[in-house]
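S.K.: I am attaching a structure below and will ask some questions about it afterwards.
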4 protein chains.
Amino acid sequence: MTTFQTPTAADTRADDRLSAMDRYRHVRRHSEELAAPLPAEDQVIQPMPDASPTKWHLAHTAWFFETFLLAPFLPGYRRYHPLFGTLFNSYYEAVGPRHPRPQRGMLGRPTVAETMLYRGTIDRAMEDLVLGASDGVWHRIEPVLALGLNHEQQHQELILTDIKYTLFCNPLRPPYRPDPPPAGPSRTAPLEWIDVAGGVAAIGHAGPGFAFDNEGPRHEVLLRPFRLASRLVSNAEYLGFMADGGYTNPRHWFADGWAMVQEQGWQAPLYWEQSADGSWSSFTLSGMCPLDPDSPVSHVSFYEASAYATWAGKRLPSEAEWEAAAAGGTGELWEWTASPYVAYPGYRPPEGAVGEYNGKFMVNQMVLRGGSCATPPGHIRRTYRNFFYPSARWQFSGLRLVEDR
Amino acid sequence: MTTFQTPTAADTRADDRLSAMDRYRHVRRHSEELAAPLPAEDQVIQPMPDASPTKWHLAHTAWFFETFLLAPFLPGYRRYHPLFGTLFNSYYEAVGPRHPRPQRGMLGRPTVAETMLYRGTIDRAMEDLVLGASDGVWHRIEPVLALGLNHEQQHQELILTDIKYTLFCNPLRPPYRPDPPPAGPSRTAPLEWIDVAGGVAAIGHAGPGFAFDNEGPRHEVLLRPFRLASRLVSNAEYLGFMADGGYTNPRHWFADGWAMVQEQGWQAPLYWEQSADGSWSSFTLSGMCPLDPDSPVSHVSFYEASAYATWAGKRLPSEAEWEAAAAGGTGELWEWTASPYVAYPGYRPPEGAVGEYNGKFMVNQMVLRGGSCATPPGHIRRTYRNFFYPSARWQFSGLRLVEDR
Amino acid sequence: MTTFQTPTAADTRADDRLSAMDRYRHVRRHSEELAAPLPAEDQVIQPMPDASPTKWHLAHTAWFFETFLLAPFLPGYRRYHPLFGTLFNSYYEAVGPRHPRPQRGMLGRPTVAETMLYRGTIDRAMEDLVLGASDGVWHRIEPVLALGLNHEQQHQELILTDIKYTLFCNPLRPPYRPDPPPAGPSRTAPLEWIDVAGGVAAIGHAGPGFAFDNEGPRHEVLLRPFRLASRLVSNAEYLGFMADGGYTNPRHWFADGWAMVQEQGWQAPLYWEQSADGSWSSFTLSGMCPLDPDSPVSHVSFYEASAYATWAGKRLPSEAEWEAAAAGGTGELWEWTASPYVAYPGYRPPEGAVGEYNGKFMVNQMVLRGGSCATPPGHIRRTYRNFFYPSARWQFSGLRLVEDR
Amino acid sequence: MTTFQTPTAADTRADDRLSAMDRYRHVRRHSEELAAPLPAEDQVIQPMPDASPTKWHLAHTAWFFETFLLAPFLPGYRRYHPLFGTLFNSYYEAVGPRHPRPQRGMLGRPTVAETMLYRGTIDRAMEDLVLGASDGVWHRIEPVLALGLNHEQQHQELILTDIKYTLFCNPLRPPYRPDPPPAGPSRTAPLEWIDVAGGVAAIGHAGPGFAFDNEGPRHEVLLRPFRLASRLVSNAEYLGFMADGGYTNPRHWFADGWAMVQEQGWQAPLYWEQSADGSWSSFTLSGMCPLDPDSPVSHVSFYEASAYATWAGKRLPSEAEWEAAAAGGTGELWEWTASPYVAYPGYRPPEGAVGEYNGKFMVNQMVLRGGSCATPPGHIRRTYRNFFYPSARWQFSGLRLVEDR
């Protein structure tokens, strides 16, 4: 006769570990799958200081686990290479020196194959660590493991945004993938305005489930009534702005934005190119494609998003408005908000080097909300705060309008 | 027998005009008094792109009245010089082209004397305009006149901040004025913490009296309870931060701030110099003076202010907290807040060129509140929003701490 | 009975072609052999604007044959790729637009494998062209073929100098080849001074045999008697200069050289590194090696070479002195001369795009004579004029002293 | 009865001193006369790093006498100001630190009036030194005095070239002098070619009379027969070059020159401006004037001069050719030669700080010969070697053609 046994506490713990490692393997494999279509040559290039080579992303995400989990927690662990700590540190001052960011494209070695070996070694050691950790250790490493996986997911998006820029810098315009871009809606949905009531609302993360430190503390904000657009601004609408002198008339621009327009010679969103016959095409991960007027305009900076909104007689939402209205979710493009990226009331960065993860960037950048086609599945949250400098255009960024009621 | 006559409406209007011109003459004369101690040679120099020559300030403030009042409103007025419109336009795109900002120090002409002639001509024409305007015209020009005078007062402060930097760039370190700096308090007042209750508070300007467009609309904000320091951080306290590795340890800095520390080699606030014996002195408008430990630390950037606050375990106030607590008022130094300079809810810039006054700068800068020893009398308001880039140090800027309750 | 036949004129011509193709294949293969030890990742990198990726050198040298021989002379030839003409044009204005030089490291594609396919296609077409050309065409293409092969040999040296710099930029300091550097002389030969008589001497190329256009016309120069050092300055001697304040005292430097020392922070020749114990090592194609005091000092700029010579109370030779004395020949290192690179009397660049080969660089650069360990065999000539900017250090460059008699 | 006395040796010596001081006063006064038309405001401005403010020239030339004569030779002399040694040192490393060259325009003080006081004090001390020196001292100081006066004459030319550039940077285009420019020839003289025989010729300074160190040693050079143009290239001729695509076709340019054309947007010589009707005018010391087609083209760089000569199928003379042909002398404009500025055979810079006068600039610059309308009378010599970087255009520089025979 067979008896069913109730799972013990130990079993539960083992299950936690096993499922964590499942998730670990899944996330890690996805990074490698993203790099797989690229020849080694493409994976070395850093096309501008803000972007990184694919190969560097692959190594840096391994470095994260090595630095914050293996080195401090796995007994007897020896660093894979004495210089990798420096080479693949992105910006953690507390961890030691680092290779200068603009020099990441000067590194032919480790090669792609050597980088994969490094990742494999880290993966095996992570398995040892997670499955072999005492309960006390597991309690301490579990949040760092979650952070590391979310960190790797952020770099998965950057692998795509950075390689897109890299490929675009090559006059041959090689596609990242052979298949055509996913078909969008046949026609832009009609624009509707969703009424949102004012008053006190709570925003920010609280409760169980992973969130980055900068998503909390959850707190109350005071909102005024407003209307939120039901969809993002489309390419066709943006072409109207351009036709009305959008890039030649300073009137609707911030002074810093207008200076950028002139300095950089911006005449259209990033990746757009005009043929002799006046038609537009844009560079996609599938190569150059005719511009789809019904798709949302993408690869615009905050400056362009703001200028468009002002020209349209509307404005960008604050991040509180965006979150309170529960917009986004679909995640076509990151949506620029009107909110500078600053700490929520009561925010304190975590102790130690991981405290450098988000807090030290809380100046000079703007918040984007939502998520994009390049964001890995499961990485999108309503409270998620993405942030970039207002001049950045190489992310998958668009805009949604708001008007006061 | 003498009879007293009730003043008629016409009398009242005439009184308005006369008192406006009194104020006009008073403000205008003050600008010239500020320049008076300087030889012509000093008045030409532009020591960095963000600062302007004294002579340029004097001409630009005349240009403002000429451009926004005389040219549109004084019948038959002819521009003083066909090129002055270009030379002394600061940043108004709608008004036409302008001399490049970094080239303001390339202009020997108009000379100081010629600039004074220009001012005198503008002043006489303004008298004609104000005293001769119909009621309808007066109604339209009166707010622009008020704006022009407040604008000139802003440049009065800039005359002092810019010339201080200019004189400091000269190894001879010439003083602006012969007399010693005003004596401060003999001892720093003990630091007290003023409790401020949370809740909904209204901030921003409303009602009569002049205010810049960016000070409104008045609106409600939600505050959490906090404690505000009763005074600014002193030099002695800031020396404690320095002694504790303030400028050598990245821990308390924003990433952008730390990059600036390293790039610029910051080791102390602007104008500080250390002798061989380790003692500090600082450059003042009266020349080099021993550093007074009891005076508030000044000429720090937002980055330094933030780093200090973090090091001290406190934070900077938001501008709403600052205004709600009715701090400042004394106006020793402008106080950096934690608030990026953005539009208040419902803000719209005025129509026309004067709409470029404040709105187009609402990105990348931080709000300062209060006022300074260089601010002209009568120019300080509780709702006043000053703003500078977070790296700026040549303003009279300090900091006041806040802690959460 | 067998009869021997005298070779006909046609046979001789065929022999010419066959031997030309032998040489062609030999030179071409050597380029590929130089690239062979490098993983694809290293071949993409452009470590500074003056250097080029290995892969670019391989493609550019194919482009040269395609542009100057196949396109104009091979009937029915179609360009391999419509964009390669732009991508791999180095500096020929007459040939059309070109990819910006500092962006050569942004090209992941063509990949190394694709580049080899390109080379192979060019090679087969060259075989068709050379073996199938009429006598008239052969007469016209033969000098261009010779130029193309010498051009490729120049790039063979650049492949080595550029990859050395690339590998050095990587903190891992990977060696180009696994074997140790060739052993030098066990001891520096004693320095002797070779008397050279003054008077009229003829320098420059004349007669048969390949030479670049800038090596002629042969012409007379007037020399004063001098003494030439029998060998190059050694590392040990250069260390003496350094120990005597060579890099800290401006006295012996040209003003432009001293400015470079300060701006770049030069403290030793390129590739030198000092250990904590004070000993020096240098980066070689075999990786970091202890500095050999008996080897000639290398990777010095003209500025350093001049400063050393002045410090030593000697001077650098003029290129006429160098050539007249028939120095060099051994070709350990390129030797900086005191001669700016200018046209010889009567020099005229060839007509057409190949006229841009040497003539347009005859300003701002200095002549180097001799040859180096990186120069391919058979590419060294007594009349050869190499030239680089006086600040260049990444070539295999050293110096030989001269004194007046 | 009166007897005439033969002058004694002592009398002769006194005469020498008196006539030296006459010349001193004459030269010194001329500098001040050149500055006299300028308001103080103009005298402060440094319009680019290569140029200097008028006031700085006036102070630096006084500093020269103070540093190299008064301080070492006048017993009991105390420096006028402890910081002037630093502020007005141009480039003498051996003399001590110096104010950074690009910061010369940051100095409002000493004012013009204070600078004149400084000059006056130096002048009185120089009188004490010269008239009171023992024979032994006089013997030592006399060559330095001559150098100082020739040095001041060089700065007199720079006062004019630099202020011309400064005034041009002001959109008001103020003239330096009220009177119109001196009338040139009514028509360009016909161009003739003067035959010059080849062979050995001696060039360089020897014998009595002042010359700069770089003009010697006199030495023999080997010349080939050539023909020298009888006059400089005219504006009309240069317009022909422009009409033929001179600034749009890279064909005739050095690569570095063409890069400069594109980077700087050169379309004509410096100071030229084209009206809407296509006519040209140019900025002169008398303000903007219609371009005189018969005047020699001026304010061209070496790059432009070379490109013109190549376009015309001629070339620029070497400095040896120029000197051997005894060209120039009239001194309308400095004439670019094809010769890089290097040491003559056997040249050694003088010992001490004055050895930095010429020798350390002998790289990267090109020789100009002749003299210009801005050169002070008596400062022109057949052996004079002026030198500037090939991109310099703000000197009074033109060109004369040569052709091979």
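Chain labels follow the order of the structure tokens: the first chain is A, the next B, and so on; residue numbering restarts at 1 in every chain, and ligands are counted from 1 in their shown order.
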With a distance cut-off of 8 Å and only C-alpha atoms, select the neighbouring residues of segment 99-102 of chain C, excluding the residue or stretch itself and same-chain residues fewer than 5 positions from it, and output the selection as a PyMOL selection string.
M.R.: chain C and resi 46+48-50+86-90
S.K.: List the spatial neighbours of Gly398 of chain B as a ChimeraX atom specification - criterion: any atom at most 12 Å away, only C-alpha atoms, same-chain residues fewer than 3 positions off excluded.
M.R.: /B:231-235,238,269-270,295-306,308-309,316,328,331-337,368-373,392-395,401
S.K.: Per residue of chain C within 6 Å of chain A, what are the shortest atom pair and its distance in Å to one decimal, counting only C-alpha atoms, with rows by chain and residue number, as JSON lines?
M.R.:
```
{"residue": "C:Glu41", "atom": "CA", "partner": "A:Gly108", "partner_atom": "CA", "distance": 4.8}
{"residue": "C:Asp42", "atom": "CA", "partner": "A:Gly108", "partner_atom": "CA", "distance": 4.4}
{"residue": "C:Leu107", "atom": "CA", "partner": "A:Asn170", "partner_atom": "CA", "distance": 5.5}
{"residue": "C:Gly108", "atom": "CA", "partner": "A:Asp42", "partner_atom": "CA", "distance": 4.4}
{"residue": "C:Asn170", "atom": "CA", "partner": "A:Leu107", "partner_atom": "CA", "distance": 5.5}
```
S.K.: Can you list every residue in segment 1-200 of chain D that DSSP puts in strand (DSSP E), as a ChimeraX atom specification?
M.R.: /D:193-196,199-200
S.K.: Those same residues, written as an mmCIF file, in the first residue's frame with all heavy atoms?
M.R.:
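Ended up saving to out32.cif:
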```cif
data_model
loop_
_atom_site.group_PDB
_atom_site.id
_atom_site.type_symbol
_atom_site.label_atom_id
_atom_site.label_comp_id
_atom_site.auth_asym_id
_atom_site.auth_seq_id
_atom_site.Cartn_x
_atom_site.Cartn_y
_atom_site.Cartn_z
ATOM 1 N N TRP D 193 58.849 86.827 -64.915
ATOM 2 C CA TRP D 193 59.580 85.711 -64.300
ATOM 3 C C TRP D 193 61.055 86.016 -64.344
ATOM 4 O O TRP D 193 61.638 86.180 -65.415
ATOM 5 C CB TRP D 193 59.268 84.407 -65.039
ATOM 6 C CG TRP D 193 57.834 84.013 -64.878
ATOM 7 C CD1 TRP D 193 56.816 84.271 -65.736
ATOM 8 C CD2 TRP D 193 57.261 83.348 -63.753
ATOM 9 N NE1 TRP D 193 55.628 83.798 -65.227
ATOM 10 C CE2 TRP D 193 55.876 83.211 -64.008
ATOM 11 C CE3 TRP D 193 57.781 82.845 -62.547
ATOM 12 C CZ2 TRP D 193 55.009 82.612 -63.111
ATOM 13 C CZ3 TRP D 193 56.920 82.229 -61.666
ATOM 14 C CH2 TRP D 193 55.539 82.127 -61.949
ATOM 15 N N ILE D 194 61.650 86.056 -63.183
ATOM 16 C CA ILE D 194 63.054 86.428 -63.067
ATOM 17 C C ILE D 194 63.886 85.166 -63.008
ATOM 18 O O ILE D 194 63.726 84.342 -62.094
ATOM 19 C CB ILE D 194 63.257 87.263 -61.787
ATOM 20 C CG1 ILE D 194 62.350 88.495 -61.861
ATOM 21 C CG2 ILE D 194 64.716 87.636 -61.618
ATOM 22 C CD1 ILE D 194 62.056 89.094 -60.495
ATOM 23 N N ASP D 195 64.777 85.040 -63.964
ATOM 24 C CA ASP D 195 65.649 83.857 -64.003
ATOM 25 C C ASP D 195 66.683 83.908 -62.889
ATOM 26 O O ASP D 195 67.348 84.928 -62.698
ATOM 27 C CB ASP D 195 66.401 83.813 -65.344
ATOM 28 C CG ASP D 195 65.561 83.126 -66.407
ATOM 29 O OD1 ASP D 195 64.398 82.788 -66.122
ATOM 30 O OD2 ASP D 195 66.075 82.960 -67.528
ATOM 31 N N VAL D 196 66.816 82.807 -62.186
ATOM 32 C CA VAL D 196 67.865 82.710 -61.177
ATOM 33 C C VAL D 196 68.666 81.453 -61.489
ATOM 34 O O VAL D 196 68.101 80.379 -61.708
ATOM 35 C CB VAL D 196 67.283 82.618 -59.754
ATOM 36 C CG1 VAL D 196 68.398 82.568 -58.725
ATOM 37 C CG2 VAL D 196 66.351 83.784 -59.485
ATOM 38 N N GLY D 199 73.221 76.383 -58.643
ATOM 39 C CA GLY D 199 74.588 76.291 -58.163
ATOM 40 C C GLY D 199 74.652 76.458 -56.669
ATOM 41 O O GLY D 199 73.632 76.452 -55.982
ATOM 42 N N VAL D 200 75.852 76.596 -56.174
ATOM 43 C CA VAL D 200 76.036 76.740 -54.732
ATOM 44 C C VAL D 200 75.859 78.200 -54.351
ATOM 45 O O VAL D 200 76.454 79.083 -54.970
ATOM 46 C CB VAL D 200 77.426 76.234 -54.312
ATOM 47 C CG1 VAL D 200 77.686 76.560 -52.841
ATOM 48 C CG2 VAL D 200 77.520 74.725 -54.546
#
```
S.K.: With distances taken over only C-alpha atoms, which of C:Glu157, C:Glu114, C:Asp213, C:Asp179 is nearest to Gly287 of chain C?
M.R.: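 Among C:Glu157, C:Glu114, C:Asp213, C:Asp179, it is C:Asp179 that comes nearest to Gly287 of chain C.
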S.K.: With a distance cut-off of 12 Å and only C-alpha atoms, select the neighbouring residues of Ser134 of chain D, excluding the residue or stretch itself and same-chain residues fewer than 4 positions from it, and output the selection as a PyMOL selection string.
M.R.: chain D and resi 10+13-14+17+73-75+128-130+138-142
S.K.: Write the residues you've just listed into a file as a compact mmCIF listing (two decimals), in the first residue's frame, and include C-alpha atoms for each of them.
M.R.:
```txt
# COMPACT_ATOMS: atom_id res chain seq x y z
CA ALA D 10 85.19 107.02 -22.68
CA ARG D 13 81.40 104.53 -24.95
CA ALA D 14 79.07 107.16 -23.56
CA ARG D 17 75.02 104.18 -24.48
CA PHE D 73 72.28 93.24 -13.99
CA LEU D 74 70.92 96.30 -12.16
CA PRO D 75 72.30 96.26 -8.61
CA ASP D 128 69.89 103.72 -14.92
CA LEU D 129 71.22 100.37 -16.06
CA VAL D 130 72.49 101.40 -19.47
CA TRP D 138 77.70 97.01 -20.93
CA HIS D 139 79.54 94.46 -23.00
CA ARG D 140 77.29 91.76 -21.62
CA ILE D 141 74.02 93.61 -21.75
CA GLU D 142 74.35 95.27 -25.12
```
S.K.: For Ile159 of chain A, find every residue with an atom within 10 Å (counting only C-alpha atoms), except residues of its own chain fewer than 6 positions away, and show them as a list in words.
M.R.: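 In the requested format, the answer is Ser31, Leu34, Ala35, Gln43, Ala51, Ser52, Pro53, Thr54, Lys55, Trp56, His57, Leu58, Gln153 and Ala374 of chain A.
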S.K.: Measuring between only C-alpha atoms, which one of A:Gly136, A:Pro175, A:Pro390, A:Pro293 shows the shortest distance to Pro340 of chain A?
M.R.: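 Of A:Gly136, A:Pro175, A:Pro390, A:Pro293, the one nearest Pro340 of chain A is A:Pro390, counting only C-alpha atoms.
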S.K.: Within 10 Å of segment 254-260 of chain C, counting only C-alpha atoms, which residues qualify if same-chain residues fewer than 2 places away don't, as a list in words?
M.R.: Tyr247, Thr248, Asn249, Pro250, Arg251, His252, Gln262, Glu263, Gln264, Gly265, Trp266, Ser301, Phe302, Tyr303, Glu304, Ser306, Ala307, Pro390 and Ser391 of chain C; Tyr91, Tyr92, Glu93, Glu356, Gly359, Lys360, Phe361, Met362, Val363 and Asn364 of chain D
S.K.: Can those selected residues be exported to a file as a PDB file, in the first residue's frame so that it contains N, CA and C atoms?
M.R.:
```pdb
ATOM      1  N   TYR C 247      62.168  63.327 -18.871  1.00  0.00           N
ATOM      2  CA  TYR C 247      60.739  63.615 -19.046  1.00  0.00           C
ATOM      3  C   TYR C 247      60.213  64.679 -18.083  1.00  0.00           C
ATOM      4  N   THR C 248      61.093  65.241 -17.271  1.00  0.00           N
ATOM      5  CA  THR C 248      60.601  66.245 -16.319  1.00  0.00           C
ATOM      6  C   THR C 248      61.216  67.615 -16.553  1.00  0.00           C
ATOM      7  N   ASN C 249      62.235  67.696 -17.378  1.00  0.00           N
ATOM      8  CA  ASN C 249      62.902  68.964 -17.639  1.00  0.00           C
ATOM      9  C   ASN C 249      62.656  69.367 -19.090  1.00  0.00           C
ATOM     10  N   PRO C 250      62.048  70.518 -19.311  1.00  0.00           N
ATOM     11  CA  PRO C 250      61.710  70.902 -20.688  1.00  0.00           C
ATOM     12  C   PRO C 250      62.925  71.303 -21.526  1.00  0.00           C
ATOM     13  N   ARG C 251      64.063  71.387 -20.914  1.00  0.00           N
ATOM     14  CA  ARG C 251      65.202  72.029 -21.558  1.00  0.00           C
ATOM     15  C   ARG C 251      65.540  71.472 -22.933  1.00  0.00           C
ATOM     16  N   HIS C 252      65.464  70.167 -23.082  1.00  0.00           N
ATOM     17  CA  HIS C 252      65.949  69.568 -24.331  1.00  0.00           C
ATOM     18  C   HIS C 252      64.848  69.344 -25.357  1.00  0.00           C
ATOM     19  N   GLN C 262      53.453  66.788 -21.454  1.00  0.00           N
ATOM     20  CA  GLN C 262      52.604  67.174 -20.332  1.00  0.00           C
ATOM     21  C   GLN C 262      51.157  66.773 -20.550  1.00  0.00           C
ATOM     22  N   GLU C 263      50.700  66.961 -21.772  1.00  0.00           N
ATOM     23  CA  GLU C 263      49.305  66.655 -22.081  1.00  0.00           C
ATOM     24  C   GLU C 263      49.043  65.152 -21.979  1.00  0.00           C
ATOM     25  N   GLN C 264      49.993  64.350 -22.478  1.00  0.00           N
ATOM     26  CA  GLN C 264      49.796  62.906 -22.514  1.00  0.00           C
ATOM     27  C   GLN C 264      50.381  62.203 -21.292  1.00  0.00           C
ATOM     28  N   GLY C 265      51.092  62.961 -20.476  1.00  0.00           N
ATOM     29  CA  GLY C 265      51.696  62.335 -19.316  1.00  0.00           C
ATOM     30  C   GLY C 265      52.786  61.326 -19.659  1.00  0.00           C
ATOM     31  N   TRP C 266      53.504  61.555 -20.742  1.00  0.00           N
ATOM     32  CA  TRP C 266      54.588  60.640 -21.110  1.00  0.00           C
ATOM     33  C   TRP C 266      55.666  60.615 -20.038  1.00  0.00           C
ATOM     34  N   SER C 301      58.705  58.720 -30.015  1.00  0.00           N
ATOM     35  CA  SER C 301      58.276  59.708 -30.998  1.00  0.00           C
ATOM     36  C   SER C 301      59.478  60.504 -31.498  1.00  0.00           C
ATOM     37  N   PHE C 302      59.260  61.269 -32.546  1.00  0.00           N
ATOM     38  CA  PHE C 302      60.305  62.188 -32.995  1.00  0.00           C
ATOM     39  C   PHE C 302      60.668  63.154 -31.870  1.00  0.00           C
ATOM     40  N   TYR C 303      59.666  63.579 -31.105  1.00  0.00           N
ATOM     41  CA  TYR C 303      59.954  64.518 -30.016  1.00  0.00           C
ATOM     42  C   TYR C 303      60.925  63.907 -29.010  1.00  0.00           C
ATOM     43  N   GLU C 304      60.677  62.654 -28.676  1.00  0.00           N
ATOM     44  CA  GLU C 304      61.561  61.992 -27.715  1.00  0.00           C
ATOM     45  C   GLU C 304      62.945  61.758 -28.327  1.00  0.00           C
ATOM     46  N   SER C 306      64.415  63.528 -30.591  1.00  0.00           N
ATOM     47  CA  SER C 306      65.128  64.805 -30.639  1.00  0.00           C
ATOM     48  C   SER C 306      65.610  65.217 -29.262  1.00  0.00           C
ATOM     49  N   ALA C 307      64.752  65.049 -28.271  1.00  0.00           N
ATOM     50  CA  ALA C 307      65.132  65.459 -26.921  1.00  0.00           C
ATOM     51  C   ALA C 307      66.327  64.632 -26.448  1.00  0.00           C
ATOM     52  N   PRO C 390      55.291  63.844 -35.873  1.00  0.00           N
ATOM     53  CA  PRO C 390      56.362  63.793 -34.865  1.00  0.00           C
ATOM     54  C   PRO C 390      55.913  63.236 -33.514  1.00  0.00           C
ATOM     55  N   SER C 391      54.620  63.154 -33.291  1.00  0.00           N
ATOM     56  CA  SER C 391      54.141  62.618 -32.012  1.00  0.00           C
ATOM     57  C   SER C 391      53.892  61.115 -32.038  1.00  0.00           C
TER      58      SER C 391
ATOM     59  N   TYR D  91      56.770  82.142 -22.805  1.00  0.00           N
ATOM     60  CA  TYR D  91      57.000  80.709 -22.983  1.00  0.00           C
ATOM     61  C   TYR D  91      58.363  80.266 -22.470  1.00  0.00           C
ATOM     62  N   TYR D  92      59.001  81.050 -21.630  1.00  0.00           N
ATOM     63  CA  TYR D  92      60.350  80.717 -21.175  1.00  0.00           C
ATOM     64  C   TYR D  92      60.272  79.777 -19.990  1.00  0.00           C
ATOM     65  N   GLU D  93      60.489  78.501 -20.257  1.00  0.00           N
ATOM     66  CA  GLU D  93      60.399  77.493 -19.193  1.00  0.00           C
ATOM     67  C   GLU D  93      61.469  77.723 -18.131  1.00  0.00           C
ATOM     68  N   GLU D 356      65.690  79.821 -25.547  1.00  0.00           N
ATOM     69  CA  GLU D 356      64.343  79.344 -25.886  1.00  0.00           C
ATOM     70  C   GLU D 356      63.661  80.238 -26.923  1.00  0.00           C
ATOM     71  N   GLY D 359      64.877  78.421 -31.020  1.00  0.00           N
ATOM     72  CA  GLY D 359      65.215  77.031 -31.316  1.00  0.00           C
ATOM     73  C   GLY D 359      64.108  76.047 -31.000  1.00  0.00           C
ATOM     74  N   LYS D 360      63.405  76.267 -29.943  1.00  0.00           N
ATOM     75  CA  LYS D 360      62.462  75.227 -29.528  1.00  0.00           C
ATOM     76  C   LYS D 360      61.198  75.190 -30.383  1.00  0.00           C
ATOM     77  N   PHE D 361      61.113  76.091 -31.343  1.00  0.00           N
ATOM     78  CA  PHE D 361      59.942  76.082 -32.227  1.00  0.00           C
ATOM     79  C   PHE D 361      60.231  75.438 -33.582  1.00  0.00           C
ATOM     80  N   MET D 362      61.427  74.820 -33.687  1.00  0.00           N
ATOM     81  CA  MET D 362      61.857  74.341 -35.004  1.00  0.00           C
ATOM     82  C   MET D 362      61.247  72.992 -35.384  1.00  0.00           C
ATOM     83  N   VAL D 363      59.950  72.910 -35.304  1.00  0.00           N
ATOM     84  CA  VAL D 363      59.223  71.727 -35.756  1.00  0.00           C
ATOM     85  C   VAL D 363      57.787  72.154 -36.027  1.00  0.00           C
ATOM     86  N   ASN D 364      57.197  71.594 -37.030  1.00  0.00           N
ATOM     87  CA  ASN D 364      55.765  71.781 -37.328  1.00  0.00           C
ATOM     88  C   ASN D 364      55.394  73.149 -37.899  1.00  0.00           C
TER      89      ASN D 364
END
```
S.K.: Expressed in Å to a single decimal, how great is the separation between atom CA of Gly198 of chain C and atom CA of Leu222 of chain C?
M.R.: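 So the answer is 7.3 Å.
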